[in-house]
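Participant: My structure is in my_file-v9.pdb, and what it holds is PDB, C-alpha atoms:
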ATOM      1  CA  MET A  83     -17.667  -0.361   6.514
ATOM      2  CA  THR A  84     -15.194  -1.928   8.911
ATOM      3  CA  THR A  85     -15.325  -1.018  12.599
ATOM      4  CA  ALA A  86     -11.551  -1.470  12.866
ATOM      5  CA  PRO A  87     -11.484  -4.450  15.244
ATOM      6  CA  HIS A  88      -7.759  -4.933  14.684
ATOM      7  CA  ARG A  89      -6.666  -1.392  15.446
ATOM      8  CA  SER A  90      -4.309  -1.107  18.408
ATOM      9  CA  THR A  91      -2.491   1.739  20.121
ATOM     10  CA  ASP A  92      -0.292  -0.550  22.253
ATOM     11  CA  PRO A  93       3.348   0.319  21.413
ATOM     12  CA  SER A  94       4.344  -3.296  22.099
ATOM     13  CA  GLN A  95       2.127  -4.345  19.177
ATOM     14  CA  GLU A  96       3.868  -1.997  16.759
ATOM     15  CA  ILE A  97       5.293  -3.844  13.748
ATOM     16  CA  LEU A  98       6.326  -0.939  11.479
ATOM     17  CA  ARG A  99       7.255   2.691  12.069
ATOM     18  CA  VAL A 100       8.327   4.868   9.147
ATOM     19  CA  THR A 101       9.626   8.316  10.058
ATOM     20  CA  GLY A 102      10.667  11.171   7.782
ATOM     21  CA  LEU A 103      10.998   8.928   4.726
ATOM     22  CA  LYS A 104      12.224  10.702   1.587
ATOM     23  CA  THR A 105      12.836   8.994  -1.742
ATOM     24  CA  HIS A 106      14.095  11.037  -4.674
ATOM     25  CA  PHE A 107      14.780  10.203  -8.320
ATOM     26  CA  PHE A 108      17.812  11.911  -9.832
ATOM     27  CA  THR A 109      16.969  12.492 -13.497
ATOM     28  CA  ASP A 110      18.422  14.618 -16.288
ATOM     29  CA  GLU A 111      15.458  16.993 -15.895
ATOM     30  CA  GLY A 112      15.986  17.408 -12.153
ATOM     31  CA  VAL A 113      15.372  15.734  -8.786
ATOM     32  CA  VAL A 114      11.909  14.185  -8.513
ATOM     33  CA  GLN A 115      10.770  14.294  -4.868
ATOM     34  CA  ALA A 116       8.556  11.219  -5.197
ATOM     35  CA  VAL A 117       8.228  10.646  -1.441
ATOM     36  CA  ASP A 118       8.908  13.699   0.679
ATOM     37  CA  GLY A 119       8.937  13.150   4.416
ATOM     38  CA  ILE A 120       6.200  10.686   5.357
ATOM     39  CA  ASP A 121       5.447   9.067   8.727
ATOM     40  CA  ILE A 122       3.552   5.764   9.116
ATOM     41  CA  VAL A 123       2.795   3.524  12.105
ATOM     42  CA  LEU A 124       1.368   0.020  11.691
ATOM     43  CA  HIS A 125       0.384  -2.438  14.426
ATOM     44  CA  ARG A 126       0.232  -6.228  14.310
ATOM     45  CA  GLY A 127      -2.908  -7.521  12.610
ATOM     46  CA  GLU A 128      -3.828  -4.033  11.374
ATOM     47  CA  THR A 129      -4.575  -3.023   7.787
ATOM     48  CA  LEU A 130      -3.384   0.412   6.691
ATOM     49  CA  GLY A 131      -4.816   1.780   3.458
ATOM     50  CA  ILE A 132      -2.663   4.206   1.476
ATOM     51  CA  VAL A 133      -4.771   6.115  -1.054
ATOM     52  CA  GLY A 134      -4.287   8.876  -3.586
ATOM     53  CA  GLU A 135      -4.337   9.448  -7.316
ATOM     54  CA  SER A 136      -1.656   8.139  -9.669
ATOM     55  CA  GLY A 137       1.726   9.770  -9.089
ATOM     56  CA  SER A 138       1.108  10.574  -5.433
ATOM     57  CA  GLY A 139       3.961   8.328  -4.218
ATOM     58  CA  LYS A 140       2.043   5.302  -2.950
ATOM     59  CA  SER A 141       3.986   2.608  -4.803
ATOM     60  CA  VAL A 142       7.339   4.317  -4.273
ATOM     61  CA  THR A 143       6.604   4.307  -0.539
ATOM     62  CA  SER A 144       6.117   0.528  -0.562
ATOM     63  CA  LEU A 145       9.250  -0.059  -2.642
ATOM     64  CA  SER A 146      11.212   2.187  -0.288
ATOM     65  CA  ILE A 147      10.130   0.146   2.735
ATOM     66  CA  LEU A 148      11.405  -3.011   1.031
ATOM     67  CA  ARG A 149      14.502  -1.244  -0.341
ATOM     68  CA  LEU A 150      13.520  -2.116  -3.902
ATOM     69  CA  VAL A 151      13.867   1.378  -5.362
ATOM     70  CA  SER A 152      16.160   1.139  -8.387
ATOM     71  CA  ARG A 153      18.339   3.774 -10.013
ATOM     72  CA  PRO A 154      17.994   6.664 -10.541
ATOM     73  CA  GLY A 155      15.917   6.537  -7.356
ATOM     74  CA  ARG A 156      17.331   6.508  -3.844
ATOM     75  CA  VAL A 157      16.064   6.772  -0.272
ATOM     76  CA  VAL A 158      17.757   9.978   0.889
ATOM     77  CA  ALA A 159      16.391  10.372   4.429
ATOM     78  CA  GLY A 160      14.303   8.757   7.152
ATOM     79  CA  THR A 161      14.051   5.525   9.092
ATOM     80  CA  VAL A 162      12.045   2.340   8.486
ATOM     81  CA  PHE A 163      11.830   0.386  11.749
ATOM     82  CA  PHE A 164      10.408  -3.107  11.274
ATOM     83  CA  ASP A 165       9.997  -4.985  14.561
ATOM     84  CA  GLY A 166      12.533  -2.638  16.139
ATOM     85  CA  VAL A 167      15.200  -2.869  13.404
ATOM     86  CA  ASP A 168      15.887  -0.041  10.950
ATOM     87  CA  LEU A 169      15.764  -1.714   7.537
ATOM     88  CA  LEU A 170      17.710   1.133   5.956
ATOM     89  CA  THR A 171      20.794   0.228   8.009
ATOM     90  CA  LEU A 172      20.919  -3.456   7.014
ATOM     91  CA  ASN A 173      23.316  -4.833   4.426
ATOM     92  CA  ASP A 174      21.977  -6.616   1.337
ATOM     93  CA  GLU A 175      22.272 -10.110   2.811
ATOM     94  CA  GLU A 176      20.491  -9.132   6.026
ATOM     95  CA  MET A 177      17.750  -7.463   3.989
ATOM     96  CA  ARG A 178      17.235 -10.599   1.875
ATOM     97  CA  THR A 179      16.482 -12.617   5.018
ATOM     98  CA  ILE A 180      13.579 -10.248   5.725
ATOM     99  CA  ARG A 181      12.322  -9.487   2.213
ATOM    100  CA  GLY A 182      10.065 -12.282   0.950
ATOM    101  CA  ASN A 183      10.248 -14.019   4.308
ATOM    102  CA  ARG A 184       9.013 -11.718   7.083
ATOM    103  CA  ILE A 185       7.797  -9.022   4.658
ATOM    104  CA  SER A 186       6.138  -9.969   1.363
ATOM    105  CA  MET A 187       4.692  -7.919  -1.453
ATOM    106  CA  ILE A 188       1.934  -8.389  -4.006
ATOM    107  CA  PHE A 189       3.016  -6.312  -6.981
ATOM    108  CA  GLN A 190       0.683  -4.129  -8.992
ATOM    109  CA  GLN A 191       0.721  -6.118 -12.267
ATOM    110  CA  PRO A 192       0.725  -9.876 -11.563
ATOM    111  CA  THR A 193       1.088 -10.850 -15.219
ATOM    112  CA  THR A 194       4.318  -8.873 -15.494
ATOM    113  CA  ALA A 195       5.607  -9.601 -11.967
ATOM    114  CA  LEU A 196       5.602 -13.345 -12.682
ATOM    115  CA  ASN A 197       8.473 -14.687 -14.800
ATOM    116  CA  PRO A 198       6.923 -15.713 -18.154
ATOM    117  CA  VAL A 199       9.455 -18.484 -18.908
ATOM    118  CA  PHE A 200       8.976 -20.472 -15.680
ATOM    119  CA  ARG A 201       5.979 -22.473 -14.540
ATOM    120  CA  VAL A 202       4.084 -20.843 -11.681
ATOM    121  CA  GLY A 203       4.712 -23.829  -9.427
ATOM    122  CA  ASP A 204       8.466 -23.545  -9.922
ATOM    123  CA  GLN A 205       8.336 -19.862  -8.962
ATOM    124  CA  ILE A 206       6.505 -20.589  -5.712
ATOM    125  CA  ILE A 207       8.786 -23.541  -4.950
ATOM    126  CA  GLU A 208      11.850 -21.337  -5.451
ATOM    127  CA  THR A 209      10.487 -18.984  -2.766
ATOM    128  CA  LEU A 210       9.983 -21.930  -0.407
ATOM    129  CA  GLU A 211      13.485 -23.263  -1.072
ATOM    130  CA  ILE A 212      15.203 -19.905  -0.525
ATOM    131  CA  HIS A 213      13.285 -18.703   2.526
ATOM    132  CA  GLN A 214      11.947 -21.860   4.167
ATOM    133  CA  GLY A 215      14.635 -24.393   3.265
ATOM    134  CA  LEU A 216      12.072 -26.828   1.854
ATOM    135  CA  LYS A 217      13.173 -29.310  -0.814
ATOM    136  CA  GLY A 218      11.682 -31.863  -3.180
ATOM    137  CA  GLU A 219       8.250 -33.239  -2.411
ATOM    138  CA  GLU A 220       7.987 -31.207   0.782
ATOM    139  CA  ALA A 221       8.267 -27.978  -1.229
ATOM    140  CA  SER A 222       5.884 -29.293  -3.911
ATOM    141  CA  GLY A 223       3.332 -30.298  -1.309
ATOM    142  CA  ARG A 224       3.484 -26.889   0.350
ATOM    143  CA  CYS A 225       3.053 -25.262  -3.082
ATOM    144  CA  ARG A 226      -0.108 -27.282  -3.684
ATOM    145  CA  GLU A 227      -1.428 -26.250  -0.259
ATOM    146  CA  LEU A 228      -0.835 -22.573  -1.022
ATOM    147  CA  LEU A 229      -2.551 -22.730  -4.405
ATOM    148  CA  ALA A 230      -5.527 -24.463  -2.816
ATOM    149  CA  MET A 231      -5.553 -21.898  -0.012
ATOM    150  CA  VAL A 232      -5.934 -19.034  -2.499
ATOM    151  CA  GLY A 233      -8.825 -20.785  -4.200
ATOM    152  CA  LEU A 234      -7.216 -22.115  -7.377
ATOM    153  CA  PRO A 235      -8.852 -25.410  -8.411
ATOM    154  CA  ASP A 236      -6.708 -28.389  -9.435
ATOM    155  CA  PRO A 237      -3.401 -27.193  -7.891
ATOM    156  CA  ASN A 238      -1.425 -30.000  -9.562
ATOM    157  CA  ARG A 239      -2.410 -28.699 -12.980
ATOM    158  CA  ARG A 240      -1.887 -25.056 -12.081
ATOM    159  CA  MET A 241       1.657 -25.751 -10.868
ATOM    160  CA  LYS A 242       2.617 -26.902 -14.360
ATOM    161  CA  GLN A 243       1.166 -23.904 -16.167
ATOM    162  CA  TYR A 244       2.957 -20.767 -17.342
ATOM    163  CA  PRO A 245       1.661 -17.298 -16.423
ATOM    164  CA  HIS A 246       0.283 -16.664 -19.915
ATOM    165  CA  GLU A 247      -1.968 -19.696 -19.534
ATOM    166  CA  LEU A 248      -3.753 -18.119 -16.540
ATOM    167  CA  SER A 249      -6.270 -15.278 -16.344
ATOM    168  CA  GLY A 250      -5.457 -12.005 -14.584
ATOM    169  CA  GLY A 251      -7.349 -13.093 -11.482
ATOM    170  CA  GLN A 252      -5.577 -16.453 -11.416
ATOM    171  CA  CYS A 253      -2.177 -14.755 -11.755
ATOM    172  CA  GLN A 254      -3.112 -12.479  -8.870
ATOM    173  CA  ARG A 255      -3.924 -15.526  -6.741
ATOM    174  CA  VAL A 256      -0.553 -17.047  -7.645
ATOM    175  CA  MET A 257       1.144 -13.814  -6.545
ATOM    176  CA  ILE A 258      -0.759 -13.911  -3.263
ATOM    177  CA  ALA A 259       0.219 -17.558  -2.754
ATOM    178  CA  MET A 260       3.861 -16.647  -3.352
ATOM    179  CA  ALA A 261       3.643 -13.676  -1.003
ATOM    180  CA  LEU A 262       2.109 -15.829   1.746
ATOM    181  CA  ALA A 263       4.458 -18.790   1.277
ATOM    182  CA  CYS A 264       6.478 -17.819   4.339
ATOM    183  CA  ASN A 265       3.599 -16.638   6.559
ATOM    184  CA  PRO A 266       4.849 -13.019   6.492
ATOM    185  CA  GLU A 267       4.364 -10.701   9.423
ATOM    186  CA  LEU A 268       3.783  -7.820   6.987
ATOM    187  CA  LEU A 269       2.103  -8.024   3.577
ATOM    188  CA  ILE A 270       2.302  -5.056   1.203
ATOM    189  CA  ALA A 271      -0.413  -5.246  -1.458
ATOM    190  CA  ASP A 272       0.044  -2.724  -4.282
ATOM    191  CA  GLU A 273      -3.268  -2.304  -6.141
ATOM    192  CA  PRO A 274      -4.156  -6.008  -5.676
ATOM    193  CA  THR A 275      -7.542  -5.667  -7.413
ATOM    194  CA  THR A 276      -6.577  -3.427 -10.343
ATOM    195  CA  ALA A 277      -7.826  -4.658 -13.762
ATOM    196  CA  LEU A 278      -9.857  -7.464 -12.179
ATOM    197  CA  ASP A 279     -13.608  -7.789 -12.647
ATOM    198  CA  VAL A 280     -15.768  -7.056  -9.609
ATOM    199  CA  THR A 281     -16.438 -10.717  -8.798
ATOM    200  CA  ILE A 282     -12.731 -11.574  -8.719
ATOM    201  CA  GLN A 283     -12.013  -8.361  -6.784
ATOM    202  CA  ALA A 284     -14.420  -9.445  -4.066
ATOM    203  CA  GLN A 285     -12.846 -12.905  -3.918
ATOM    204  CA  ILE A 286      -9.323 -11.451  -3.617
ATOM    205  CA  LEU A 287     -10.383  -9.115  -0.799
ATOM    206  CA  ASP A 288     -12.184 -11.939   1.019
ATOM    207  CA  LEU A 289      -9.024 -14.031   0.710
ATOM    208  CA  MET A 290      -6.794 -11.305   2.132
ATOM    209  CA  ARG A 291      -9.218 -10.731   5.004
ATOM    210  CA  ALA A 292      -9.367 -14.441   5.831
ATOM    211  CA  LEU A 293      -5.583 -14.765   5.760
ATOM    212  CA  ARG A 294      -5.207 -11.780   8.085
ATOM    213  CA  GLU A 295      -7.594 -13.435  10.515
ATOM    214  CA  LYS A 296      -5.743 -16.760  10.257
ATOM    215  CA  ILE A 297      -2.116 -15.693  10.720
ATOM    216  CA  ASN A 298      -2.462 -12.127  12.141
ATOM    217  CA  THR A 299      -0.554 -10.599   9.248
ATOM    218  CA  SER A 300      -0.353  -6.812   9.104
ATOM    219  CA  ILE A 301      -1.279  -5.386   5.700
ATOM    220  CA  ILE A 302      -0.403  -2.201   3.838
ATOM    221  CA  LEU A 303      -3.056  -1.886   1.133
ATOM    222  CA  ILE A 304      -2.153   0.553  -1.638
ATOM    223  CA  THR A 305      -5.064   1.581  -3.815
ATOM    224  CA  HIS A 306      -6.912   4.442  -5.490
ATOM    225  CA  ASP A 307     -10.251   2.695  -4.828
ATOM    226  CA  MET A 308     -11.928   4.277  -1.800
ATOM    227  CA  GLY A 309     -14.513   1.493  -1.749
ATOM    228  CA  VAL A 310     -11.777  -1.102  -1.188
ATOM    229  CA  VAL A 311     -10.364   1.057   1.606
ATOM    230  CA  ALA A 312     -13.759   1.321   3.309
ATOM    231  CA  GLU A 313     -14.143  -2.454   3.227
ATOM    232  CA  MET A 314     -10.621  -3.524   4.207
ATOM    233  CA  ALA A 315      -8.688  -0.865   6.127
ATOM    234  CA  ASP A 316      -8.488  -0.022   9.812
ATOM    235  CA  SER A 317      -6.472   3.168   9.282
ATOM    236  CA  VAL A 318      -5.959   5.323   6.187
ATOM    237  CA  ALA A 319      -3.124   7.535   4.975
ATOM    238  CA  VAL A 320      -4.097   9.898   2.153
ATOM    239  CA  MET A 321      -1.145  10.826  -0.083
ATOM    240  CA  TYR A 322      -0.856  13.793  -2.416
ATOM    241  CA  ALA A 323       2.225  14.897  -4.371
ATOM    242  CA  GLY A 324       4.643  12.811  -2.302
ATOM    243  CA  GLN A 325       3.264  13.750   1.114
ATOM    244  CA  ILE A 326       0.682  12.349   3.518
ATOM    245  CA  VAL A 327      -2.005  15.015   3.849
ATOM    246  CA  GLU A 328      -4.383  13.152   6.181
ATOM    247  CA  TYR A 329      -4.065  10.177   8.536
ATOM    248  CA  ALA A 330      -7.077   8.762  10.387
ATOM    249  CA  ASP A 331      -9.000   5.641  11.298
ATOM    250  CA  VAL A 332     -11.207   4.527   8.447
ATOM    251  CA  ARG A 333     -14.565   5.414  10.026
ATOM    252  CA  SER A 334     -13.484   8.952  10.943
ATOM    253  CA  LEU A 335     -12.067   9.537   7.476
ATOM    254  CA  PHE A 336     -15.268   8.570   5.703
ATOM    255  CA  THR A 337     -17.682  10.269   8.078
ATOM    256  CA  ASP A 338     -15.690  13.465   8.652
ATOM    257  CA  PRO A 339     -12.876  14.011   6.127
ATOM    258  CA  LYS A 340     -10.705  16.974   7.104
ATOM    259  CA  HIS A 341      -8.350  17.761   4.236
ATOM    260  CA  PRO A 342      -9.903  19.387   1.136
ATOM    261  CA  TYR A 343      -8.163  16.771  -1.035
ATOM    262  CA  THR A 344      -9.728  13.918   0.950
ATOM    263  CA  GLN A 345     -13.097  15.640   0.659
ATOM    264  CA  GLY A 346     -12.598  15.879  -3.098
ATOM    265  CA  LEU A 347     -11.732  12.182  -3.375
ATOM    266  CA  LEU A 348     -14.856  11.166  -1.478
ATOM    267  CA  ASN A 349     -17.093  13.585  -3.390
ATOM    268  CA  SER A 350     -15.896  12.087  -6.670
ATOM    269  CA  MET A 351     -17.164   8.631  -5.672
ATOM    270  CA  PRO A 352     -20.541   7.434  -6.979
ATOM    271  CA  MET A 353     -22.934   6.897  -4.065
ATOM    272  CA  LEU A 354     -25.596   4.204  -3.957
ATOM    273  CA  GLY A 355     -29.040   5.841  -3.913
ATOM    274  CA  HIS A 356     -27.738   9.283  -4.932
ATOM    275  CA  VAL A 357     -28.566  10.314  -8.485
ATOM    276  CA  ARG A 358     -26.191  12.844 -10.053
ATOM    277  CA  ASP A 359     -26.067  14.290 -13.534
ATOM    278  CA  GLU A 360     -22.282  14.071 -13.369
ATOM    279  CA  LEU A 361     -19.593  13.125 -10.839
ATOM    280  CA  ALA A 362     -17.687  15.821  -8.978
ATOM    281  CA  VAL A 363     -14.091  16.336 -10.101
ATOM    282  CA  ILE A 364     -11.038  17.948  -8.530
ATOM    283  CA  PRO A 365      -9.939  20.738 -10.889
ATOM    284  CA  GLY A 366      -6.350  21.113 -12.061
ATOM    285  CA  THR A 367      -3.467  18.639 -12.021
ATOM    286  CA  VAL A 368      -0.877  17.317  -9.573
ATOM    287  CA  PRO A 369       2.086  19.733  -9.394
ATOM    288  CA  SER A 370       5.518  18.804 -10.686
ATOM    289  CA  LEU A 371       7.578  16.936  -8.115
ATOM    290  CA  ILE A 372      10.776  18.281  -9.656
ATOM    291  CA  ASN A 373       9.846  21.837  -8.648
ATOM    292  CA  PRO A 374       6.982  21.447  -6.152
ATOM    293  CA  PRO A 375       5.231  24.569  -4.826
ATOM    294  CA  SER A 376       6.872  26.213  -1.826
ATOM    295  CA  GLY A 377       3.528  26.326  -0.019
ATOM    296  CA  CYS A 378       0.719  23.786   0.250
ATOM    297  CA  ARG A 379       1.010  21.386  -2.710
ATOM    298  CA  PHE A 380      -2.763  21.171  -3.082
ATOM    299  CA  ALA A 381      -3.351  24.934  -2.928
ATOM    300  CA  SER A 382      -3.708  25.504  -6.680
ATOM    301  CA  ARG A 383      -6.606  23.008  -6.797
ATOM    302  CA  CYS A 384      -8.246  23.911  -3.490
ATOM    303  CA  SER A 385     -11.529  25.827  -3.308
ATOM    304  CA  GLN A 386     -10.746  26.841   0.297
ATOM    305  CA  ARG A 387      -7.369  28.410  -0.410
ATOM    306  CA  PHE A 388      -6.382  31.526   1.554
ATOM    307  CA  GLU A 389      -3.229  33.563   2.205
ATOM    308  CA  ALA A 390      -1.545  31.128   4.605
ATOM    309  CA  CYS A 391      -1.567  28.413   1.927
ATOM    310  CA  ASP A 392       1.434  30.082   0.278
ATOM    311  CA  ARG A 393       3.476  28.663   3.166
ATOM    312  CA  ASP A 394       4.199  24.947   3.619
ATOM    313  CA  PRO A 395       1.797  23.521   6.256
ATOM    314  CA  ALA A 396       3.026  21.177   8.962
ATOM    315  CA  MET A 397       1.262  17.933   9.850
ATOM    316  CA  LEU A 398      -1.110  18.907  12.667
ATOM    317  CA  GLU A 399      -2.281  16.586  15.436
ATOM    318  CA  LEU A 400      -6.046  16.573  15.895
ATOM    319  CA  ALA A 401      -8.258  14.681  18.351
ATOM    320  CA  GLU A 402      -8.166  10.876  18.635
ATOM    321  CA  GLY A 403      -4.856  10.464  16.835
ATOM    322  CA  ARG A 404      -5.967  12.109  13.607
ATOM    323  CA  ARG A 405      -3.443  14.146  11.630
ATOM    324  CA  VAL A 406      -3.931  16.594   8.787
ATOM    325  CA  ARG A 407      -1.581  18.775   6.706
ATOM    326  CA  CYS A 408      -3.736  21.888   6.237
ATOM    327  CA  TRP A 409      -3.670  25.525   7.379
ATOM    328  CA  LEU A 410      -7.451  25.458   7.936
ATOM    329  CA  TYR A 411      -6.924  23.576  11.201
ATOM    330  CA  ALA A 412      -3.930  25.626  12.317
ATOM    331  CA  GLU A 413      -6.190  28.669  12.208
ATOM    332  CA  LYS A 414      -8.811  26.946  14.357
ATOM    333  CA  ARG A 415      -6.487  25.750  17.128
TER
END
Have the structure of the file written as structure tokens, please.
Facilitator:
Amino acid sequence: MTTAPHRSTDPSQEILRVTGLKTHFFTDEGVVQAVDGIDIVLHRGETLGIVGESGSGKSVTSLSILRLVSRPGRVVAGTVFFDGVDLLTLNDEEMRTIRGNRISMIFQQPTTALNPVFRVGDQIIETLEIHQGLKGEEASGRCRELLAMVGLPDPNRRMKQYPHELSGGQCQRVMIAMALACNPELLIADEPTTALDVTIQAQILDLMRALREKINTSIILITHDMGVVAEMADSVAVMYAGQIVEYADVRSLFTDPKHPYTQGLLNSMPMLGHVRDELAVIPGTVPSLINPPSGCRFASRCSQRFEACDRDPAMLELAEGRRVRCWLYAEKR
């Protein structure tokens, strides 16, 4: 497990601060509160893991930061300060100078994120032309460098191939090359190892770690894989039903999880050297985000539920910068 060598508390090293972010989807069935008031702080060179089961709001959070939420979704509240500038106040042209240039994203499904009718080299070159002003052989040469950097053999050949001619792992490497084309200050990686075999997963994570070391890029790593978080992250935000329920450094989270949901996630993981007849599960299902519970959103699934859980808990500050959204700790203060 990482010992968080990149973690910093120096405000001058702060690259991203998200405060009170709310993103809702306005559907015929009602308003889906996909992201409901989250706070995030990220420092330069730090990796923040955002974890939680499907539907918890992880991907919508990343799209909200980049202002890529499409209708019927809309960011309805909050601020997203990147290097001191609130991205939510910028016009479309100002946002385009940041998106893909200073902030890049690796999307969840590389085979669908890449345009199937263009060669992969042309797609990377287009990024270089738009954001770096490179042309002709200069852009082609930089494309070859990027493909070699992400470990794709024979870059000249790969440049001329279409996405369907590459494996899932190769497409993921192309997406990473595209995301890193402009040496971004912030990289958002949405499930970068999903659907890849374990060998390719390890190679992708090694690549991201090496690139962070090389250019001091900050990373938001979105995943449901707690093993990936343990290996890569410095800090962790645990999301449930559109809210962050626990925020801690990675070592504290794994050695002493506070929120019952976090405890359930960790208990459901297979452990090397521990033989079990069956894995632990969290009973019940995620509540509807159209009509979420008025109290704690995890209460109906929580084995430690008590009377106070019928009221909405605030995010409580614990020791050493840890935060948890749970009445158990309000009672103990």
Participant: Just to confirm, what's the straight-line distance from atom CA of A:Ile180 to atom CA of A:His213 in Å (one decimal)?
Facilitator: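 Between these atoms lies a distance of 9.0 Å.
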Participant: Name the residues that the PyMOL selection byres ((chain A and resi 120-126) around 10) picks from the file above, as a PDB file with C-alpha atoms, keeping the file's coordinate frame, using the file's chain letters and numbers.
Facilitator:
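In the end it all went to selection.pdb:
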ATOM      1  CA  HIS A  88      -7.759  -4.933  14.684  1.00  0.00           C
ATOM      2  CA  ARG A  89      -6.666  -1.392  15.446  1.00  0.00           C
ATOM      3  CA  SER A  90      -4.309  -1.107  18.408  1.00  0.00           C
ATOM      4  CA  THR A  91      -2.491   1.739  20.121  1.00  0.00           C
ATOM      5  CA  ASP A  92      -0.292  -0.550  22.253  1.00  0.00           C
ATOM      6  CA  PRO A  93       3.348   0.319  21.413  1.00  0.00           C
ATOM      7  CA  SER A  94       4.344  -3.296  22.099  1.00  0.00           C
ATOM      8  CA  GLN A  95       2.127  -4.345  19.177  1.00  0.00           C
ATOM      9  CA  GLU A  96       3.868  -1.997  16.759  1.00  0.00           C
ATOM     10  CA  ILE A  97       5.293  -3.844  13.748  1.00  0.00           C
ATOM     11  CA  LEU A  98       6.326  -0.939  11.479  1.00  0.00           C
ATOM     12  CA  ARG A  99       7.255   2.691  12.069  1.00  0.00           C
ATOM     13  CA  VAL A 100       8.327   4.868   9.147  1.00  0.00           C
ATOM     14  CA  THR A 101       9.626   8.316  10.058  1.00  0.00           C
ATOM     15  CA  GLY A 102      10.667  11.171   7.782  1.00  0.00           C
ATOM     16  CA  LEU A 103      10.998   8.928   4.726  1.00  0.00           C
ATOM     17  CA  LYS A 104      12.224  10.702   1.587  1.00  0.00           C
ATOM     18  CA  THR A 105      12.836   8.994  -1.742  1.00  0.00           C
ATOM     19  CA  VAL A 117       8.228  10.646  -1.441  1.00  0.00           C
ATOM     20  CA  ASP A 118       8.908  13.699   0.679  1.00  0.00           C
ATOM     21  CA  GLY A 119       8.937  13.150   4.416  1.00  0.00           C
ATOM     22  CA  GLY A 127      -2.908  -7.521  12.610  1.00  0.00           C
ATOM     23  CA  GLU A 128      -3.828  -4.033  11.374  1.00  0.00           C
ATOM     24  CA  THR A 129      -4.575  -3.023   7.787  1.00  0.00           C
ATOM     25  CA  LEU A 130      -3.384   0.412   6.691  1.00  0.00           C
ATOM     26  CA  ILE A 132      -2.663   4.206   1.476  1.00  0.00           C
ATOM     27  CA  THR A 143       6.604   4.307  -0.539  1.00  0.00           C
ATOM     28  CA  GLY A 160      14.303   8.757   7.152  1.00  0.00           C
ATOM     29  CA  THR A 161      14.051   5.525   9.092  1.00  0.00           C
ATOM     30  CA  VAL A 162      12.045   2.340   8.486  1.00  0.00           C
ATOM     31  CA  PHE A 163      11.830   0.386  11.749  1.00  0.00           C
ATOM     32  CA  PHE A 164      10.408  -3.107  11.274  1.00  0.00           C
ATOM     33  CA  ASP A 165       9.997  -4.985  14.561  1.00  0.00           C
ATOM     34  CA  GLU A 267       4.364 -10.701   9.423  1.00  0.00           C
ATOM     35  CA  LEU A 268       3.783  -7.820   6.987  1.00  0.00           C
ATOM     36  CA  ARG A 294      -5.207 -11.780   8.085  1.00  0.00           C
ATOM     37  CA  ASN A 298      -2.462 -12.127  12.141  1.00  0.00           C
ATOM     38  CA  THR A 299      -0.554 -10.599   9.248  1.00  0.00           C
ATOM     39  CA  SER A 300      -0.353  -6.812   9.104  1.00  0.00           C
ATOM     40  CA  ILE A 301      -1.279  -5.386   5.700  1.00  0.00           C
ATOM     41  CA  ILE A 302      -0.403  -2.201   3.838  1.00  0.00           C
ATOM     42  CA  SER A 317      -6.472   3.168   9.282  1.00  0.00           C
ATOM     43  CA  VAL A 318      -5.959   5.323   6.187  1.00  0.00           C
ATOM     44  CA  ALA A 319      -3.124   7.535   4.975  1.00  0.00           C
ATOM     45  CA  MET A 321      -1.145  10.826  -0.083  1.00  0.00           C
ATOM     46  CA  GLY A 324       4.643  12.811  -2.302  1.00  0.00           C
ATOM     47  CA  GLN A 325       3.264  13.750   1.114  1.00  0.00           C
ATOM     48  CA  ILE A 326       0.682  12.349   3.518  1.00  0.00           C
ATOM     49  CA  VAL A 327      -2.005  15.015   3.849  1.00  0.00           C
ATOM     50  CA  TYR A 329      -4.065  10.177   8.536  1.00  0.00           C
ATOM     51  CA  MET A 397       1.262  17.933   9.850  1.00  0.00           C
TER      52      MET A 397
END
Participant: How big is the axis-aligned box, and where does its centre sit, when it encloses all atoms of stretch 250-260 of chain A listed in the file and has 6 Å added on every side, reported in Å to one decimal as JSON?
Facilitator:
{"center_x": -1.7, "center_y": -14.8, "center_z": -8.7, "size_x": 23.2, "size_y": 17.6, "size_z": 23.8}
Participant: Which value, in Å to one decimal, gives the distance between atom CA of A:Gly346 and atom CA of A:Val406?
Facilitator: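 Between atom CA of A:Gly346 and atom CA of A:Val406 the gap works out to 14.7 Å.
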Participant: Need the shell around A:Ala259: protein/DNA/RNA residues with any atom at most 8 Å away, counting only C-alpha atoms. Skip same-chain ones fewer than 5 positions apart. Format as a list in words?
Facilitator: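 So, after excluding close chain neighbours, the residues are Ile206, Leu228, Leu229, Met231 and Val232 of chain A.
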Participant: Can you measure atom CA of A:Pro192 to atom CA of A:Val158 for me? One decimal in Å is fine.
Facilitator: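 Distance between the two atoms: 29.0 Å.
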Participant: In terms of the shortest atom-to-atom distance over all atoms listed in the file, which of A:Ala263, A:Arg156, A:Cys253, A:Pro274 is closest to A:Glu208?
Facilitator: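 Distance minimum relative to A:Glu208 lands on A:Ala263.
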Participant: Name every residue that the PyMOL selection byres ((chain A and resi 365-379) around 10) selects in this structure, writing the answer as a PyMOL selection string with chains first and numbers rising.
Facilitator: chain A and resi 106-109+111-118+135-138+322-325+327+346+362-364+380-385+387+390-396+407-409
Participant: Between A:Asp307, A:Gln190, A:Lys242, A:Thr281, which has the minimum distance to A:Ser350 (counting all atoms listed in the file)?
Facilitator: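 Using all atoms listed in the file, the shortest distance to A:Ser350 belongs to A:Asp307.
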Participant: From the list A:Leu400, A:Cys225, A:Gly218, A:Met314, which residue is nearest A:Arg333 when using all atoms listed in the file?
Facilitator: A:Met314
Participant: Hey, which of A:Gln205, A:Ser146, A:Asn349, A:Thr193 ends up closest to A:Arg181? Count only C-alpha atoms.
Facilitator: A:Ser146
